[in-house]
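K.L.:
Pasting my_file_39.txt below, which is compact mmCIF, C-alpha atoms.
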# COMPACT_ATOMS: atom_id res chain seq x y z
CA MET I 1 0.00 0.00 0.00
CA ARG I 2 1.21 3.50 -0.90
CA THR I 3 -0.71 6.51 0.35
CA ASP I 4 1.76 9.36 -0.30
CA ARG I 5 0.80 12.38 -2.39
CA VAL I 6 2.87 11.38 -5.41
CA THR I 7 1.14 8.02 -5.59
CA VAL I 8 -2.32 9.51 -5.12
CA THR I 9 -1.65 12.09 -7.84
CA SER I 10 -0.26 9.43 -10.18
CA TRP I 11 -3.42 7.42 -9.63
CA ALA I 12 -5.67 10.45 -10.14
CA LEU I 13 -3.96 11.28 -13.45
CA TRP I 14 -5.72 8.25 -14.96
CA ASP I 15 -8.98 10.02 -14.11
CA TRP I 16 -7.51 13.19 -15.66
CA GLY I 17 -6.63 11.31 -18.83
CA SER I 18 -9.91 9.40 -19.03
CA ALA I 19 -11.71 12.70 -19.64
CA ALA I 20 -10.52 12.24 -23.21
CA PHE I 21 -12.95 9.36 -23.52
CA ASN I 22 -15.76 10.45 -21.21
CA ALA I 23 -15.93 14.20 -21.83
CA VAL I 24 -14.63 14.51 -25.38
CA LEU I 25 -15.95 11.37 -27.07
CA VAL I 26 -18.94 10.15 -25.05
CA THR I 27 -20.43 13.46 -23.91
CA PHE I 28 -19.54 16.69 -25.62
CA ILE I 29 -17.94 16.21 -29.03
CA PHE I 30 -17.91 12.89 -30.81
CA SER I 31 -21.36 11.68 -29.75
CA VAL I 32 -22.82 15.01 -30.94
CA TYR I 33 -20.90 14.73 -34.21
CA LEU I 34 -22.10 11.15 -34.61
CA THR I 35 -25.79 11.82 -33.96
CA ASP I 36 -26.01 15.29 -35.52
CA SER I 37 -23.60 15.44 -38.46
CA VAL I 38 -23.02 11.78 -39.33
CA GLY I 39 -26.58 10.85 -38.33
CA ALA I 40 -27.98 13.39 -40.83
CA THR I 41 -27.05 10.95 -43.61
CA LEU I 42 -29.46 8.32 -42.26
CA ASP I 43 -32.85 7.70 -43.84
CA THR I 44 -34.88 6.15 -41.04
CA ALA I 45 -38.01 6.78 -39.01
CA TYR I 46 -35.95 6.79 -35.80
CA THR I 47 -33.82 9.71 -34.71
CA PRO I 48 -30.04 9.17 -34.68
CA ALA I 49 -30.08 9.79 -30.91
CA THR I 50 -32.54 6.91 -30.47
CA LEU I 51 -30.50 4.54 -32.63
CA TYR I 52 -27.32 5.48 -30.79
CA GLY I 53 -29.09 4.83 -27.50
CA TRP I 54 -30.06 1.32 -28.59
CA VAL I 55 -26.49 0.51 -29.68
CA MET I 56 -25.14 1.67 -26.33
CA ALA I 57 -27.79 -0.45 -24.59
CA VAL I 58 -26.41 -3.54 -26.35
CA ALA I 59 -22.94 -2.58 -25.14
CA GLY I 60 -24.29 -2.49 -21.60
CA VAL I 61 -25.63 -6.02 -21.92
CA LEU I 62 -22.22 -7.23 -23.13
CA ILE I 63 -20.54 -5.65 -20.11
CA ALA I 64 -23.00 -7.34 -17.78
CA VAL I 65 -22.18 -10.73 -19.30
CA VAL I 66 -18.38 -10.43 -19.32
CA ALA I 67 -17.43 -8.03 -16.51
CA PRO I 68 -18.14 -10.35 -13.55
CA ILE I 69 -14.85 -12.21 -13.99
CA ILE I 70 -12.63 -9.24 -14.92
CA GLY I 71 -11.90 -7.95 -11.42
CA GLN I 72 -12.08 -11.42 -9.92
CA ARG I 73 -9.29 -12.76 -12.10
CA SER I 74 -7.13 -9.70 -11.49
CA ASP I 75 -7.43 -10.29 -7.74
CA LEU I 76 -6.74 -14.01 -7.95
CA ARG I 77 -3.80 -13.72 -10.31
CA GLY I 78 -2.34 -10.52 -8.88
CA THR I 79 -2.63 -8.73 -12.24
CA ARG I 80 -4.64 -5.64 -11.33
CA ARG I 81 -2.11 -3.15 -12.70
CA ARG I 82 -1.40 -5.21 -15.82
CA SER I 83 -5.11 -5.57 -16.54
CA LEU I 84 -5.55 -1.83 -16.14
CA ALA I 85 -2.82 -1.29 -18.74
CA VAL I 86 -4.25 -3.80 -21.21
CA TRP I 87 -7.83 -2.55 -21.20
CA THR I 88 -6.78 1.09 -21.15
CA PHE I 89 -4.57 0.86 -24.20
CA ILE I 90 -6.99 -1.23 -26.23
CA THR I 91 -9.52 1.53 -25.54
CA VAL I 92 -6.96 4.09 -26.69
CA GLY I 93 -6.53 2.12 -29.91
CA LEU I 94 -10.28 2.19 -30.55
CA MET I 95 -10.28 5.93 -29.98
CA PHE I 96 -7.67 6.22 -32.74
CA ALA I 97 -9.94 4.10 -34.96
CA LEU I 98 -12.69 6.74 -34.80
CA PHE I 99 -10.62 8.73 -37.30
CA VAL I 100 -12.27 6.70 -40.10
CA VAL I 101 -15.80 7.96 -39.22
CA ARG I 102 -16.66 10.47 -41.94
CA ASN I 103 -19.95 12.35 -42.19
CA ASP I 104 -20.81 11.73 -45.84
CA ALA I 105 -22.35 8.23 -45.83
CA PRO I 106 -24.80 6.34 -43.58
CA VAL I 107 -22.40 3.43 -43.05
CA TYR I 108 -20.10 5.67 -41.03
CA PHE I 109 -22.81 6.21 -38.42
CA TRP I 110 -22.93 2.50 -37.73
CA ILE I 111 -19.13 2.16 -37.78
CA GLY I 112 -18.82 5.01 -35.29
CA ALA I 113 -21.61 3.71 -33.06
CA VAL I 114 -20.09 0.22 -32.93
CA ILE I 115 -16.59 1.53 -32.15
CA MET I 116 -18.00 3.75 -29.40
CA ALA I 117 -19.97 0.82 -27.97
CA VAL I 118 -16.99 -1.56 -27.93
CA ALA I 119 -14.72 1.13 -26.48
CA SER I 120 -17.28 1.75 -23.74
CA VAL I 121 -17.21 -1.93 -22.83
CA LEU I 122 -13.42 -2.08 -22.59
CA PHE I 123 -13.22 1.25 -20.78
CA GLU I 124 -15.47 -0.22 -18.09
CA PHE I 125 -13.11 -3.20 -17.77
CA ALA I 126 -10.23 -0.78 -17.18
CA GLU I 127 -12.26 1.09 -14.57
CA VAL I 128 -12.84 -2.11 -12.60
CA ASN I 129 -9.12 -2.36 -11.93
CA TYR I 130 -8.62 1.37 -11.50
CA TYR I 131 -11.37 1.65 -8.89
CA ALA I 132 -10.03 -1.41 -7.10
CA GLN I 133 -6.73 0.45 -6.58
CA LEU I 134 -8.48 3.02 -4.35
CA ASN I 135 -7.85 0.98 -1.19
CA GLN I 136 -4.18 0.67 -2.16
CA ILE I 137 -3.66 4.45 -2.05
CA SER I 138 -6.03 5.61 0.71
CA THR I 139 -6.90 5.01 4.35
CA GLU I 140 -10.23 4.71 6.10
CA ASP I 141 -9.98 8.34 7.18
CA ASN I 142 -9.31 9.87 3.76
CA VAL I 143 -10.88 7.53 1.21
CA GLY I 144 -13.64 10.04 0.51
CA ARG I 145 -11.19 12.86 -0.16
CA VAL I 146 -8.99 10.67 -2.35
CA SER I 147 -11.96 9.45 -4.37
CA GLY I 148 -13.25 13.02 -4.72
CA TYR I 149 -9.78 14.19 -5.73
CA GLY I 150 -9.72 11.59 -8.49
CA TRP I 151 -13.12 12.61 -9.81
CA GLY I 152 -12.14 16.27 -9.55
CA MET I 153 -8.97 15.61 -11.52
CA GLY I 154 -11.07 13.89 -14.16
CA TYR I 155 -13.29 16.91 -14.56
CA ALA I 156 -10.31 19.28 -14.49
CA GLY I 157 -8.70 17.27 -17.28
CA GLY I 158 -11.95 17.58 -19.18
CA ILE I 159 -11.86 21.37 -18.81
CA ILE I 160 -8.35 21.68 -20.25
CA LEU I 161 -8.95 19.17 -23.00
CA LEU I 162 -12.27 20.63 -24.10
CA LEU I 163 -10.73 24.10 -24.32
CA ILE I 164 -7.89 22.76 -26.46
CA CYS I 165 -10.30 20.86 -28.68
CA TYR I 166 -12.71 23.78 -29.04
CA PHE I 167 -10.21 26.49 -29.89
CA GLY I 168 -7.77 24.24 -31.70
CA PHE I 169 -10.11 22.02 -33.74
CA VAL I 170 -13.71 23.27 -33.72
CA ALA I 171 -14.18 27.06 -33.26
CA GLY I 172 -14.91 28.95 -36.44
CA ASP I 173 -13.87 26.91 -39.44
CA GLY I 174 -11.54 24.21 -38.18
CA GLY I 175 -10.18 26.03 -35.10
CA ILE I 176 -7.01 28.07 -34.83
CA PHE I 177 -5.18 25.37 -36.77
CA GLY I 178 -7.47 25.99 -39.74
CA LEU I 179 -8.19 22.30 -40.17
CA PRO I 180 -10.35 21.17 -43.11
CA THR I 181 -13.90 20.35 -42.05
CA GLU I 182 -14.84 18.36 -45.14
CA GLY I 183 -15.74 14.83 -44.20
CA GLY I 184 -15.65 15.85 -40.53
CA LEU I 185 -11.84 15.81 -40.58
CA ASN I 186 -11.44 18.30 -37.74
CA ILE I 187 -13.66 16.22 -35.42
CA ARG I 188 -11.96 13.01 -36.47
CA LEU I 189 -8.63 14.59 -35.51
CA VAL I 190 -10.15 15.45 -32.14
CA ALA I 191 -10.60 11.69 -31.59
CA VAL I 192 -6.93 11.12 -32.43
CA PHE I 193 -5.79 13.88 -30.08
CA ALA I 194 -8.03 12.49 -27.33
CA ALA I 195 -6.46 9.06 -27.77
CA VAL I 196 -2.96 10.49 -27.36
CA TRP I 197 -4.06 12.46 -24.29
CA PHE I 198 -5.52 9.40 -22.57
CA GLY I 199 -2.54 7.23 -23.43
CA VAL I 200 -0.01 9.67 -22.00
CA PHE I 201 -1.80 10.38 -18.71
CA ALA I 202 -2.58 6.70 -18.14
CA LEU I 203 1.12 5.94 -17.74
CA PRO I 204 1.91 7.36 -14.24
CA VAL I 205 -0.43 5.01 -12.37
CA LEU I 206 1.18 2.04 -14.10
CA PHE I 207 4.63 3.03 -12.83
CA ARG I 208 3.71 4.29 -9.33
CA VAL I 209 0.92 2.12 -7.89
CA PRO I 210 2.38 -1.35 -7.13
CA GLU I 211 0.97 -4.59 -8.41
CA ILE I 212 -1.04 -6.63 -5.91
CA ARG I 213 -0.20 -10.08 -4.65
CA PRO I 214 -2.31 -12.96 -5.98
CA SER I 215 -5.17 -13.88 -3.69
CA GLY I 216 -5.68 -17.32 -5.21
CA ALA I 217 -4.87 -19.59 -8.14
CA ALA I 218 -6.88 -19.03 -11.29
CA GLU I 219 -4.47 -19.94 -14.10
CA THR I 220 -6.39 -23.04 -15.06
CA GLU I 221 -9.84 -21.81 -14.19
CA GLY I 222 -12.30 -21.65 -17.06
CA VAL I 223 -15.10 -19.21 -17.68
CA ILE I 224 -17.74 -21.45 -16.12
CA ASP I 225 -15.58 -21.93 -13.03
CA ALA I 226 -15.12 -18.17 -12.81
CA TYR I 227 -18.87 -17.62 -12.78
CA ARG I 228 -19.28 -20.33 -10.15
CA ARG I 229 -16.69 -18.53 -8.04
CA LEU I 230 -18.59 -15.28 -8.58
CA ILE I 231 -21.82 -16.85 -7.35
CA GLY I 232 -19.95 -18.08 -4.29
CA THR I 233 -18.64 -14.57 -3.67
CA ILE I 234 -22.15 -13.15 -3.88
CA ARG I 235 -23.46 -15.75 -1.43
CA GLU I 236 -20.63 -15.02 0.98
CA LEU I 237 -21.24 -11.30 0.69
CA TRP I 238 -24.96 -11.83 1.32
CA HIS I 239 -24.23 -13.66 4.57
CA ARG I 240 -21.34 -11.47 5.69
CA ASP I 241 -22.53 -7.99 4.70
CA ARG I 242 -26.02 -7.95 3.22
CA ASN I 243 -26.02 -4.18 3.30
CA ALA I 244 -23.31 -4.16 0.63
CA VAL I 245 -25.57 -6.21 -1.65
CA TYR I 246 -28.39 -3.72 -1.15
CA PHE I 247 -25.99 -0.92 -2.05
CA LEU I 248 -24.85 -2.70 -5.21
CA VAL I 249 -28.46 -2.95 -6.36
CA SER I 250 -29.37 0.65 -5.59
CA SER I 251 -26.13 2.06 -6.99
CA ALA I 252 -26.58 0.05 -10.16
CA VAL I 253 -29.76 1.97 -10.87
CA PHE I 254 -28.73 5.50 -9.92
CA ARG I 255 -25.31 5.18 -11.57
CA ASP I 256 -27.04 4.25 -14.82
CA GLY I 257 -29.04 7.43 -14.43
CA LEU I 258 -25.80 9.37 -14.01
CA ALA I 259 -24.42 7.70 -17.12
CA GLY I 260 -27.56 8.73 -18.97
CA VAL I 261 -26.90 12.36 -18.10
CA PHE I 262 -23.47 12.13 -19.72
CA THR I 263 -24.55 10.04 -22.68
CA PHE I 264 -27.53 12.12 -23.75
CA GLY I 265 -26.96 15.54 -22.16
CA ALA I 266 -25.02 17.09 -25.04
CA ILE I 267 -27.35 15.53 -27.59
CA LEU I 268 -30.35 17.14 -25.86
CA ALA I 269 -28.52 20.46 -25.70
CA VAL I 270 -28.39 20.53 -29.49
CA THR I 271 -31.70 18.92 -30.45
CA VAL I 272 -33.92 20.44 -27.74
CA TYR I 273 -32.37 23.66 -26.47
CA GLY I 274 -30.77 24.95 -29.65
CA LEU I 275 -27.10 25.00 -28.71
CA SER I 276 -24.62 24.77 -31.57
CA ALA I 277 -21.78 22.26 -31.53
CA GLY I 278 -19.43 25.06 -30.47
CA ASP I 279 -21.82 26.16 -27.70
CA VAL I 280 -21.92 22.59 -26.40
CA LEU I 281 -18.13 22.61 -26.00
CA ILE I 282 -18.19 25.87 -24.06
CA PHE I 283 -20.96 24.47 -21.89
CA GLY I 284 -18.86 21.35 -21.44
CA VAL I 285 -16.02 23.42 -20.00
CA ALA I 286 -18.36 25.16 -17.56
CA ALA I 287 -20.02 21.85 -16.69
CA ASN I 288 -16.67 20.29 -15.87
CA VAL I 289 -15.78 23.24 -13.62
CA ALA I 290 -19.05 22.75 -11.73
CA ALA I 291 -18.64 18.98 -11.51
CA ALA I 292 -15.01 19.24 -10.39
CA ALA I 293 -15.93 21.66 -7.61
CA GLY I 294 -18.81 19.41 -6.58
CA ALA I 295 -16.61 16.30 -6.51
CA MET I 296 -13.88 17.96 -4.42
CA ILE I 297 -16.33 19.42 -1.89
CA GLY I 298 -18.34 16.22 -1.84
CA GLY I 299 -15.18 14.22 -1.10
CA LEU I 300 -14.43 16.37 1.95
CA LEU I 301 -18.01 16.01 3.21
CA ASP I 302 -17.90 12.28 2.51
CA ASP I 303 -15.21 11.72 5.16
CA ARG I 304 -17.17 13.79 7.68
CA LEU I 305 -20.78 12.78 7.00
CA GLY I 306 -20.42 9.45 5.22
CA PRO I 307 -21.10 8.67 1.55
CA LYS I 308 -24.83 7.93 1.76
CA PRO I 309 -26.02 11.47 2.66
CA ILE I 310 -23.87 12.85 -0.15
CA ILE I 311 -25.41 10.49 -2.70
CA ILE I 312 -29.01 11.05 -1.56
CA ALA I 313 -28.71 14.83 -1.54
CA SER I 314 -27.03 14.85 -4.94
CA LEU I 315 -29.68 12.63 -6.54
CA VAL I 316 -32.58 14.65 -5.13
CA LEU I 317 -31.14 17.90 -6.44
CA MET I 318 -30.39 16.34 -9.82
CA ILE I 319 -33.97 15.06 -10.14
CA ALA I 320 -35.30 18.53 -9.31
CA SER I 321 -33.03 20.10 -11.94
CA ALA I 322 -34.09 17.55 -14.56
CA GLY I 323 -37.73 18.31 -13.78
CA VAL I 324 -37.18 22.00 -14.38
CA LEU I 325 -35.26 21.31 -17.60
CA TYR I 326 -38.21 19.41 -19.00
CA PHE I 327 -40.40 22.52 -18.89
CA VAL I 328 -37.99 25.32 -19.82
CA GLU I 329 -36.93 26.45 -23.30
CA GLY I 330 -33.87 27.93 -24.91
CA PRO I 331 -30.09 27.95 -24.39
CA GLN I 332 -30.14 30.25 -21.34
CA MET I 333 -32.34 27.95 -19.29
CA PHE I 334 -30.25 24.97 -20.31
CA TRP I 335 -27.11 26.76 -19.15
CA ILE I 336 -28.57 27.54 -15.74
CA PHE I 337 -30.21 24.26 -14.85
CA GLY I 338 -27.79 22.11 -16.81
CA LEU I 339 -24.94 23.46 -14.69
CA VAL I 340 -26.92 22.85 -11.50
CA LEU I 341 -27.41 19.27 -12.67
CA CYS I 342 -23.69 18.83 -13.37
CA LEU I 343 -22.71 20.27 -9.98
CA PHE I 344 -24.14 17.20 -8.23
CA VAL I 345 -23.04 14.47 -10.64
CA GLY I 346 -19.45 14.43 -9.31
CA PRO I 347 -20.31 14.04 -5.60
CA ALA I 348 -22.68 11.16 -6.35
CA GLN I 349 -20.07 9.34 -8.43
CA SER I 350 -17.26 9.88 -5.97
CA ALA I 351 -19.29 8.90 -2.90
CA ALA I 352 -20.53 5.72 -4.60
CA ARG I 353 -16.94 4.70 -5.25
CA SER I 354 -15.83 5.42 -1.69
CA PHE I 355 -18.89 3.61 -0.29
CA LEU I 356 -17.89 0.34 -1.88
CA SER I 357 -14.20 0.72 -1.06
CA ARG I 358 -15.15 1.06 2.63
CA VAL I 359 -16.91 -2.32 2.65
CA ALA I 360 -14.52 -4.26 0.38
CA PRO I 361 -12.36 -6.79 2.29
CA GLU I 362 -8.66 -6.66 1.45
CA GLY I 363 -7.79 -8.78 -1.55
CA THR I 364 -11.32 -8.74 -2.97
CA GLU I 365 -11.51 -5.15 -4.21
CA GLY I 366 -11.31 -6.19 -7.83
CA GLN I 367 -14.08 -8.73 -7.39
CA LEU I 368 -16.30 -6.21 -5.61
CA PHE I 369 -15.69 -3.47 -8.15
CA GLY I 370 -16.14 -6.01 -10.92
CA LEU I 371 -19.49 -6.81 -9.35
CA TYR I 372 -20.06 -3.06 -8.99
CA VAL I 373 -19.61 -2.62 -12.73
CA THR I 374 -21.56 -5.79 -13.49
CA THR I 375 -24.61 -4.82 -11.47
CA GLY I 376 -24.44 -1.37 -13.01
CA ARG I 377 -24.22 -2.70 -16.52
CA ALA I 378 -26.76 -5.40 -15.83
CA VAL I 379 -29.25 -2.53 -15.75
CA SER I 380 -27.33 -0.25 -18.13
CA TRP I 381 -30.16 -0.65 -20.58
CA LEU I 382 -32.37 1.40 -18.25
CA SER I 383 -31.36 4.93 -19.26
CA PRO I 384 -30.94 4.21 -22.99
CA VAL I 385 -34.18 2.22 -23.12
CA PHE I 386 -36.22 4.70 -21.08
CA PHE I 387 -34.69 7.59 -23.01
CA GLY I 388 -35.59 5.93 -26.31
CA LEU I 389 -39.01 4.84 -25.03
CA PHE I 390 -40.01 8.27 -23.76
CA VAL I 391 -38.74 9.90 -26.97
CA THR I 392 -40.66 7.41 -29.11
CA VAL I 393 -43.92 7.75 -27.14
CA GLY I 394 -43.62 11.51 -26.70
CA GLY I 395 -42.51 12.12 -30.27
CA ALA I 396 -39.63 14.46 -29.36
CA ASP I 397 -36.17 14.21 -27.79
CA ARG I 398 -37.30 16.44 -24.88
CA PHE I 399 -39.29 13.55 -23.40
CA GLY I 400 -36.04 11.63 -22.91
CA ILE I 401 -35.34 13.89 -19.92
CA LEU I 402 -38.24 12.27 -18.09
CA GLY I 403 -36.81 8.80 -18.74
CA ILE I 404 -33.43 9.70 -17.23
CA GLY I 405 -35.09 11.46 -14.29
CA LEU I 406 -37.16 8.36 -13.58
CA VAL I 407 -34.06 6.16 -13.40
CA LEU I 408 -32.41 8.57 -10.94
CA ALA I 409 -35.54 8.63 -8.78
CA VAL I 410 -35.78 4.84 -8.57
CA GLY I 411 -32.09 4.62 -7.63
CA ALA I 412 -32.56 7.17 -4.85
CA LEU I 413 -35.57 5.29 -3.44
CA LEU I 414 -33.64 2.01 -3.41
CA LEU I 415 -30.75 3.65 -1.53
CA ILE I 416 -32.88 5.00 1.33
CA PRO I 417 -32.95 1.75 3.40
CA VAL I 418 -29.21 1.10 2.88
CA THR I 419 -27.04 1.72 5.96
CA ASP I 420 -24.09 4.10 5.61
CA PRO I 421 -20.82 2.14 6.10
CA THR I 422 -19.24 4.86 8.25
CA THR I 423 -21.84 4.26 10.93
CA ARG I 424 -20.79 0.60 11.16
CA ARG I 425 -17.04 1.00 10.46
CA VAL I 426 -17.09 -1.95 8.07
CA ARG I 427 -13.93 -2.20 5.98
For this file, produce the structure as structure tokens.

P.N.:
Amino acid sequence: MRTDRVTVTSWALWDWGSAAFNAVLVTFIFSVYLTDSVGATLDTAYTPATLYGWVMAVAGVLIAVVAPIIGQRSDLRGTRRRSLAVWTFITVGLMFALFVVRNDAPVYFWIGAVIMAVASVLFEFAEVNYYAQLNQISTEDNVGRVSGYGWGMGYAGGIILLLICYFGFVAGDGGIFGLPTEGGLNIRLVAVFAAVWFGVFALPVLFRVPEIRPSGAAETEGVIDAYRRLIGTIRELWHRDRNAVYFLVSSAVFRDGLAGVFTFGAILAVTVYGLSAGDVLIFGVAANVAAAAGAMIGGLLDDRLGPKPIIIASLVLMIASAGVLYFVEGPQMFWIFGLVLCLFVGPAQSAARSFLSRVAPEGTEGQLFGLYVTTGRAVSWLSPVFFGLFVTVGGADRFGILGIGLVLAVGALLLIPVTDPTTRRVR
């Protein structure tokens, strides 16, 4: 275990670098390009946003099927750091591959959607191992602050990167570099730059945070055996700490709601509230400032109050903001209430991560965070499906806001009976 500042910062730089995937590709730039510019070439009764939502829902199902054994095998074999490296750099390679997605033929929409879906799956695999490292670099007294620091670094990285991408590649006609925009070249180069960014900032954690010792022998264990072991882990967890199981269920739902905010927020900004692609990037910078501040403050409060109050308060305020957004019109209202919404995303994410790290026995962090991802992705169809369903029934993208708000509300209700781990000192 290393808990010094250099190690914590090296770990948090992965969060900083991952903004290249989350903020630039998934949320503010490439998804908008894919559904707005590339999607305009489609001739279908469904909106590009709906089709993209269905593709991402399939990706969520794939994660739910495969992820259970990712963290488990890393724990058993003592390959947490190596697994983090492998999944991270395959994701980086897929980000490079987005360069081929032009905006002049329908086939490119499907190519881009599939690459984004596969990259999302592998990115989640990397996160399993990254999250599991939290107990290696923190103590019981500062795990909330460390988790919040990581999330804050992620949002801060998003701020810097979005500014570079906006002014360098997007603003005006191809940014300050004067890049050609024909065939979406400037946006395709954004994907390449984002891949380089992620790859570079993913390196420090691989050199600074030590590899774990194996917790068992799994070299000859097959897939079926791995799932049997997983079932045994769940049974043991149910008997040892049933509260953790309840948390996994509730967090699975509300975290999918949080993911829905990121996946569809920028799309709604363009299709519902009239923001241009450039305006979305500027909003993205402001949103990351708000989310970073929220994550940092939430991390400090987490260590004092416990993670559950932070999550509940954040979800309630997000639901209220989403409700207001459904009724208001225009860019100004989106700026106001969209930023309020983003302010509370970070604290909810950070506190959920620290919650599970507090109840994870030593040597099983990867398994628990693998289960954390698995339960989340087992219901990862919720936000895409409810977004698409509400849009289809309502006949407009605006109705998708209600679908995401509903998922957040159900997650908050499921969390209410869960006991905060800091009141029981389970770790």

K.L.:
For atom CA of I:Leu406 and atom CA of I:Phe254, determine how far apart the two atoms are, in Å to one decimal place.

P.N.:
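For atom CA of I:Leu406 relative to atom CA of I:Phe254, the distance reads 9.6 Å.
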
K.L.:
Tell me which of I:Tyr155, I:Phe198, I:Tyr273, I:Trp110 sits closest to I:Met56, counting only C-alpha atoms.

P.N.:
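Of all the options, I:Trp110 lies closest to I:Met56.
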
K.L.:
Mind running stretch 94-209 of chain I against stretch 3-12 of chain I at 10 Å and telling me each contacting residue's nearest atom pair with the distance in Å (one decimal), counting all atoms listed in the file, chain and number ascending, as a tab-separated table?

P.N.:
residue	atom	partner	partner_atom	distance
I:Tyr130	CA	I:Trp11	CA	8.2
I:Tyr131	CA	I:Trp11	CA	9.9
I:Gln133	CA	I:Trp11	CA	8.3
I:Leu134	CA	I:Trp11	CA	8.5
I:Asn135	CA	I:Thr3	CA	9.2
I:Gln136	CA	I:Thr3	CA	7.2
I:Ile137	CA	I:Thr3	CA	4.3
I:Ser138	CA	I:Thr3	CA	5.4
I:Thr139	CA	I:Thr3	CA	7.5
I:Asn142	CA	I:Thr3	CA	9.8
I:Val146	CA	I:Val8	CA	7.3
I:Ser147	CA	I:Ala12	CA	8.6
I:Gly148	CA	I:Ala12	CA	9.7
I:Tyr149	CA	I:Ala12	CA	7.1
I:Gly150	CA	I:Ala12	CA	4.5
I:Trp151	CA	I:Ala12	CA	7.8
I:Gly152	CA	I:Ala12	CA	8.7
I:Met153	CA	I:Ala12	CA	6.3
I:Gly154	CA	I:Ala12	CA	7.6
I:Phe201	CA	I:Ser10	CA	8.7
I:Ala202	CA	I:Trp11	CA	8.6
I:Leu203	CA	I:Ser10	CA	8.4
I:Pro204	CA	I:Ser10	CA	5.0
I:Val205	CA	I:Trp11	CA	4.7
I:Leu206	CA	I:Trp11	CA	8.4
I:Phe207	CA	I:Ser10	CA	8.5
I:Arg208	CA	I:Thr7	CA	5.9
I:Val209	CA	I:Thr7	CA	6.3

K.L.:
Limited to C-alpha atoms, could you put the picked residues into a file as an mmCIF file, keeping the file's coordinate frame?

P.N.:
data_model
loop_
_atom_site.group_PDB
_atom_site.id
_atom_site.type_symbol
_atom_site.label_atom_id
_atom_site.label_comp_id
_atom_site.auth_asym_id
_atom_site.auth_seq_id
_atom_site.Cartn_x
_atom_site.Cartn_y
_atom_site.Cartn_z
ATOM 1 C CA TYR I 130 -8.620 1.370 -11.500
ATOM 2 C CA TYR I 131 -11.370 1.650 -8.890
ATOM 3 C CA GLN I 133 -6.730 0.450 -6.580
ATOM 4 C CA LEU I 134 -8.480 3.020 -4.350
ATOM 5 C CA ASN I 135 -7.850 0.980 -1.190
ATOM 6 C CA GLN I 136 -4.180 0.670 -2.160
ATOM 7 C CA ILE I 137 -3.660 4.450 -2.050
ATOM 8 C CA SER I 138 -6.030 5.610 0.710
ATOM 9 C CA THR I 139 -6.900 5.010 4.350
ATOM 10 C CA ASN I 142 -9.310 9.870 3.760
ATOM 11 C CA VAL I 146 -8.990 10.670 -2.350
ATOM 12 C CA SER I 147 -11.960 9.450 -4.370
ATOM 13 C CA GLY I 148 -13.250 13.020 -4.720
ATOM 14 C CA TYR I 149 -9.780 14.190 -5.730
ATOM 15 C CA GLY I 150 -9.720 11.590 -8.490
ATOM 16 C CA TRP I 151 -13.120 12.610 -9.810
ATOM 17 C CA GLY I 152 -12.140 16.270 -9.550
ATOM 18 C CA MET I 153 -8.970 15.610 -11.520
ATOM 19 C CA GLY I 154 -11.070 13.890 -14.160
ATOM 20 C CA PHE I 201 -1.800 10.380 -18.710
ATOM 21 C CA ALA I 202 -2.580 6.700 -18.140
ATOM 22 C CA LEU I 203 1.120 5.940 -17.740
ATOM 23 C CA PRO I 204 1.910 7.360 -14.240
ATOM 24 C CA VAL I 205 -0.430 5.010 -12.370
ATOM 25 C CA LEU I 206 1.180 2.040 -14.100
ATOM 26 C CA PHE I 207 4.630 3.030 -12.830
ATOM 27 C CA ARG I 208 3.710 4.290 -9.330
ATOM 28 C CA VAL I 209 0.920 2.120 -7.890
#

K.L.:
With distances taken over all atoms listed in the file, which of I:Ala19, I:Leu258, I:Leu315, I:Leu13 is nearest to I:Ala409?

P.N.:
I:Leu315

K.L.:
May I have a table of the residues of stretch 90-130 of chain I lying at most 10 Å from stretch 58-75 of chain I, giving each one's closest pair of atoms and their distance in Å to one decimal, counting all atoms listed in the file, ordered by chain and ascending residue number, as JSON lines?

P.N.:
{"residue": "I:Val114", "atom": "CA", "partner": "I:Ala59", "partner_atom": "CA", "distance": 8.8}
{"residue": "I:Met116", "atom": "CA", "partner": "I:Ala59", "partner_atom": "CA", "distance": 9.1}
{"residue": "I:Ala117", "atom": "CA", "partner": "I:Ala59", "partner_atom": "CA", "distance": 5.3}
{"residue": "I:Val118", "atom": "CA", "partner": "I:Ala59", "partner_atom": "CA", "distance": 6.7}
{"residue": "I:Ala119", "atom": "CA", "partner": "I:Ala59", "partner_atom": "CA", "distance": 9.1}
{"residue": "I:Ser120", "atom": "CA", "partner": "I:Ala59", "partner_atom": "CA", "distance": 7.3}
{"residue": "I:Val121", "atom": "CA", "partner": "I:Ile63", "partner_atom": "CA", "distance": 5.7}
{"residue": "I:Leu122", "atom": "CA", "partner": "I:Ile63", "partner_atom": "CA", "distance": 8.3}
{"residue": "I:Glu124", "atom": "CA", "partner": "I:Ile63", "partner_atom": "CA", "distance": 7.7}
{"residue": "I:Phe125", "atom": "CA", "partner": "I:Ala67", "partner_atom": "CA", "distance": 6.6}
{"residue": "I:Ala126", "atom": "CA", "partner": "I:Ile70", "partner_atom": "CA", "distance": 9.1}
{"residue": "I:Glu127", "atom": "CA", "partner": "I:Gly71", "partner_atom": "CA", "distance": 9.6}
{"residue": "I:Val128", "atom": "CA", "partner": "I:Gly71", "partner_atom": "CA", "distance": 6.0}
{"residue": "I:Asn129", "atom": "CA", "partner": "I:Gly71", "partner_atom": "CA", "distance": 6.3}
{"residue": "I:Tyr130", "atom": "CA", "partner": "I:Gly71", "partner_atom": "CA", "distance": 9.9}
